[in-house]
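Engineer: Got a structure for you, questions after.
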Amino acid sequence: MTAQMLPSPRRWRRQTLQPAARIPTRRRYLMCRPEHFAVTYAINPWMDPSQPVDRSAALRQWDELVATYRGLGHEVLAVDPVPGLPDMVFAANAAFVIDGIALGARFAKRERADEARLYREYLQAAGITVKKPTYVNEGEGDLLLESDVILAGTGFRTDARSHDEVAALTGRQVVTLRLVDPRYYHLDTALCVLGDGQIAYLPEAFDGESRTQLARRYPDAILAEVADAEVLGLNAVSDGRNVVINREAENLAAALAARGYNPIPVDLSELRKAGGGPKCCTLELGGFRPTGR
């Protein structure tokens with residue numbers, strides 16, 4: 001199903017006529033098909049190995065996500081999945097890529113440690129310069145580029161000391177944000193970068209200092225409701241206009257439409273059993289065009 005075929009509630013279409021039009025930009029994404037997806041361990045509150053997982057449904061949902069991106073004009077590249085690495089589908093955690101340079105991941109959990117090398121090798125073969133990290137970081141799960149600033153999460157996975165690594169590597173300002181709710185263990189589960197200096201986030205996911213900083217920097221941010229965050233609605237992917245979002249996050253989708261964005265609902269219910277949504281599956285390559293792939 002392409003993006004053009006995805007349903008859009010009538011109220012969203014009506015609301016998008018009011019604000020000024022937003023301009024999408026073409027993106028390049030790296031993803032990994034969930035051929036070996038399973039929930040065989042629990043490393044976040046979403047994971048319950050006792051609950052069944054329908055891998056065929058996960059594959060179908062992932063394929064539809066890819067079709068959605070391509071239908072929007074984006075380029076999707078794929079790294080080969082590897083048996084024994086069921087979370088490899090969550091490509092966003094593998095690196096932070098900007099200006100043709102990547103800071104590779106160093107995973108906090110041993111269950112995912114082997115993914116770092118595989119993604120690093122792919123990126124290097126594609127012509128991206130990859131730096132191995134000194135401290136634990138989980139890529140775009142906790143490192144999000146917003147305009148010229150990098151919003152950097154910590155509290156559950158990424159070591160705050162890695163934020164200095166990112167600043168030194170990129171020469172950009174890094175804003176540390178501390179997560180306090182274990183359900184939102186990565187920044188990309190509690191905050192979505194929309195483009196044009198806009199974000200959406202769940203205030204309750206952050207400590208007091210981080211809330212103050214976010215309110216100061218983004219006074220016009222969309223404040224998500226807990227009900228939408230609980231279905232990983234903030235784990236969305238925006239190209240500046242189109243926002244690919246979990247279909248259950250209806251209130252957040254309506255809020256996005258009211259601001260001139262085009263919410264595109266997708267079903268990733270199977271992958272959510274491991275704590276992942278559209279963003280978790282999507283590593284943005286920072287405008288760099290890989291070679292030889």
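Starting from 1 in every chain, residues are counted up; chains themselves are A, B, ... following the order of the structure tokens, and ligands are numbered from 1 as listed.
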So which residues touch Gly104 (chain A) within 9 Å, counting only C-alpha atoms, skipping near sequence neighbours fewer than 5 positions away, as a PyMOL selection string?
Structural biologist: chain A and resi 94-97+116-117+119-120+130-133+137-139
Engineer: Could you save the residues just selected, with C-alpha atoms, as an mmCIF file, in the first residue's frame?
Structural biologist:
```cif
data_model
loop_
_atom_site.group_PDB
_atom_site.id
_atom_site.type_symbol
_atom_site.label_atom_id
_atom_site.label_comp_id
_atom_site.auth_asym_id
_atom_site.auth_seq_id
_atom_site.Cartn_x
_atom_site.Cartn_y
_atom_site.Cartn_z
ATOM 1 C CA ALA A 94 22.566 1.651 14.972
ATOM 2 C CA ALA A 95 24.187 5.056 14.389
ATOM 3 C CA PHE A 96 23.819 8.811 14.217
ATOM 4 C CA VAL A 97 24.574 10.011 10.693
ATOM 5 C CA ALA A 116 26.695 -2.341 16.005
ATOM 6 C CA ARG A 117 29.430 -3.999 13.953
ATOM 7 C CA TYR A 119 25.621 -1.631 10.694
ATOM 8 C CA ARG A 120 29.065 -0.056 10.966
ATOM 9 C CA VAL A 130 32.126 5.832 10.766
ATOM 10 C CA LYS A 131 33.607 6.652 14.153
ATOM 11 C CA LYS A 132 33.536 3.965 16.834
ATOM 12 C CA PRO A 133 32.206 5.408 20.083
ATOM 13 C CA ASN A 137 25.036 5.539 22.646
ATOM 14 C CA GLU A 138 22.079 4.062 20.808
ATOM 15 C CA GLY A 139 22.157 6.143 17.666
#
```
Engineer: Would you list the contacts of region 262-270 of chain A as an MDAnalysis selection string, taking every protein, DNA or RNA residue within 6 Å and counting only C-alpha atoms, but skipping same-chain residues closer than 6 positions in sequence?
Structural biologist: chainID A and resid 58 61 241:247 253
Engineer: Atoms to include: C-alpha atoms. Write the selected residues as a compact mmCIF listing (two decimals), in the first residue's frame.
Structural biologist:
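Wrote it out as again_4.txt, contents follow:
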```
# COMPACT_ATOMS: atom_id res chain seq x y z
CA ALA A 58 5.51 -7.97 11.25
CA GLN A 61 3.63 -4.20 8.29
CA ARG A 241 5.30 17.88 5.88
CA ASN A 242 4.30 14.22 5.91
CA VAL A 243 4.43 12.51 9.30
CA VAL A 244 4.36 8.71 9.27
CA ILE A 245 2.77 7.81 12.59
CA ASN A 246 1.30 4.80 14.38
CA ARG A 247 -2.35 4.68 13.44
CA ALA A 253 -2.40 12.99 14.31
```
Engineer: Choose the residue, out of A:Leu271, A:Cys280, A:Ser147, A:Leu202, that has the smallest atom-to-atom separation from Ala227 (chain A); count only C-alpha atoms.
Structural biologist: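 Smallest separation from Ala227 (chain A) among the options: A:Leu202.
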Engineer: Write out as a ChimeraX atom specification the residues lying within 12 Å of Arg28 (chain A), counting only C-alpha atoms and excluding same-chain residues fewer than 6 positions away.
Structural biologist: /A:66,69-70,72-78,97-98,237,239,282-290
Engineer: Go through A:Leu30, A:Val175, A:Ala236, A:Ala274 one by one, measure the shortest atom-to-atom distance of each to Leu123 (chain A) using only C-alpha atoms, and give the residue with the smallest value.
Structural biologist: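 Smallest separation from Leu123 (chain A) among the options: A:Leu30.
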Engineer: Give the strand (DSSP E or B) residues of region 15-221 of chain A, as DSSP finds them on the backbone, and put them as a PyMOL selection string.
Structural biologist: chain A and resi 28-31+75-78+95-98+101-104+106+129-131+137+143-146+149-154+173-179+191-195+198-201+206
Engineer: Which is closer to Val53 (chain A) than all the others in A:Arg161, A:Arg33, A:Arg272, A:Arg26, using only C-alpha atoms?
Structural biologist: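 That would be A:Arg272, the residue with the smallest distance to Val53 (chain A).
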Engineer: Excluding Pro81 (chain A) and its own-chain neighbours fewer than 2 positions away, which residues fall within 9 Å of it when counting only C-alpha atoms? Please give them as number ranges by chain.
Structural biologist: A: 32-36, 78-79, 83, 85-86, 88-89
Engineer: May I ask which of the residues A:Val166, A:Leu187, A:Ala113, A:Val39 is the closest one to Pro52 (chain A), counting only C-alpha atoms?
Structural biologist: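 Under the stated criterion, the closest residue is A:Val39.
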Engineer: Any chance you could list, as a ChimeraX atom specification, the residues in region 36-252 of chain A that come up helix (DSSP H, G or I) when DSSP is run on the backbone?
Structural biologist: /A:55-71,91-94,110-125,139-141,162-170,187-189,203-205,208-217,226-229,250-252
Engineer: Just give me the gap between CA of Gly155 (chain A) and CA of Tyr185 (chain A) in Å, one decimal is fine.
Structural biologist: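 Separating CA of Gly155 (chain A) from CA of Tyr185 (chain A) is a distance of 7.5 Å.
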Engineer: Considering only C-alpha atoms, can you say which of A:Gln124, A:Thr68, A:Thr189, A:Ser50 comes closest to Glu230 (chain A)?
Structural biologist: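 Of A:Gln124, A:Thr68, A:Thr189, A:Ser50, the one nearest Glu230 (chain A), counting only C-alpha atoms, is A:Thr189.
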Engineer: Quick one, how far is CA of Gln198 (chain A) from CA of Tyr218 (chain A)?
Structural biologist: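 So the two atoms, CA of Gln198 (chain A) and CA of Tyr218 (chain A), lie 7.1 Å apart.
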Engineer: So that I can check the surroundings of Tyr184 (chain A), please list as a PyMOL selection string every protein, DNA and RNA residue that reaches within 10 Å of it, counting only C-alpha atoms and ignoring chain neighbours fewer than 6 positions away.
Structural biologist: chain A and resi 44-46+155-156+190-191+202+204-206+229-230+232+234-235+275
Engineer: Please measure the separation of CA of Glu111 (chain A) and CA of Ala42 (chain A), giving the value in Å to one decimal.
Structural biologist: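 The value is 9.6 Å.
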Engineer: For Gly277 (chain A), which residue out of A:Leu65, A:Val180, A:Leu151, A:Ala108 is the nearest one, using only C-alpha atoms?
Structural biologist: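 Among A:Leu65, A:Val180, A:Leu151, A:Ala108, it is A:Leu65 that comes nearest to Gly277 (chain A).
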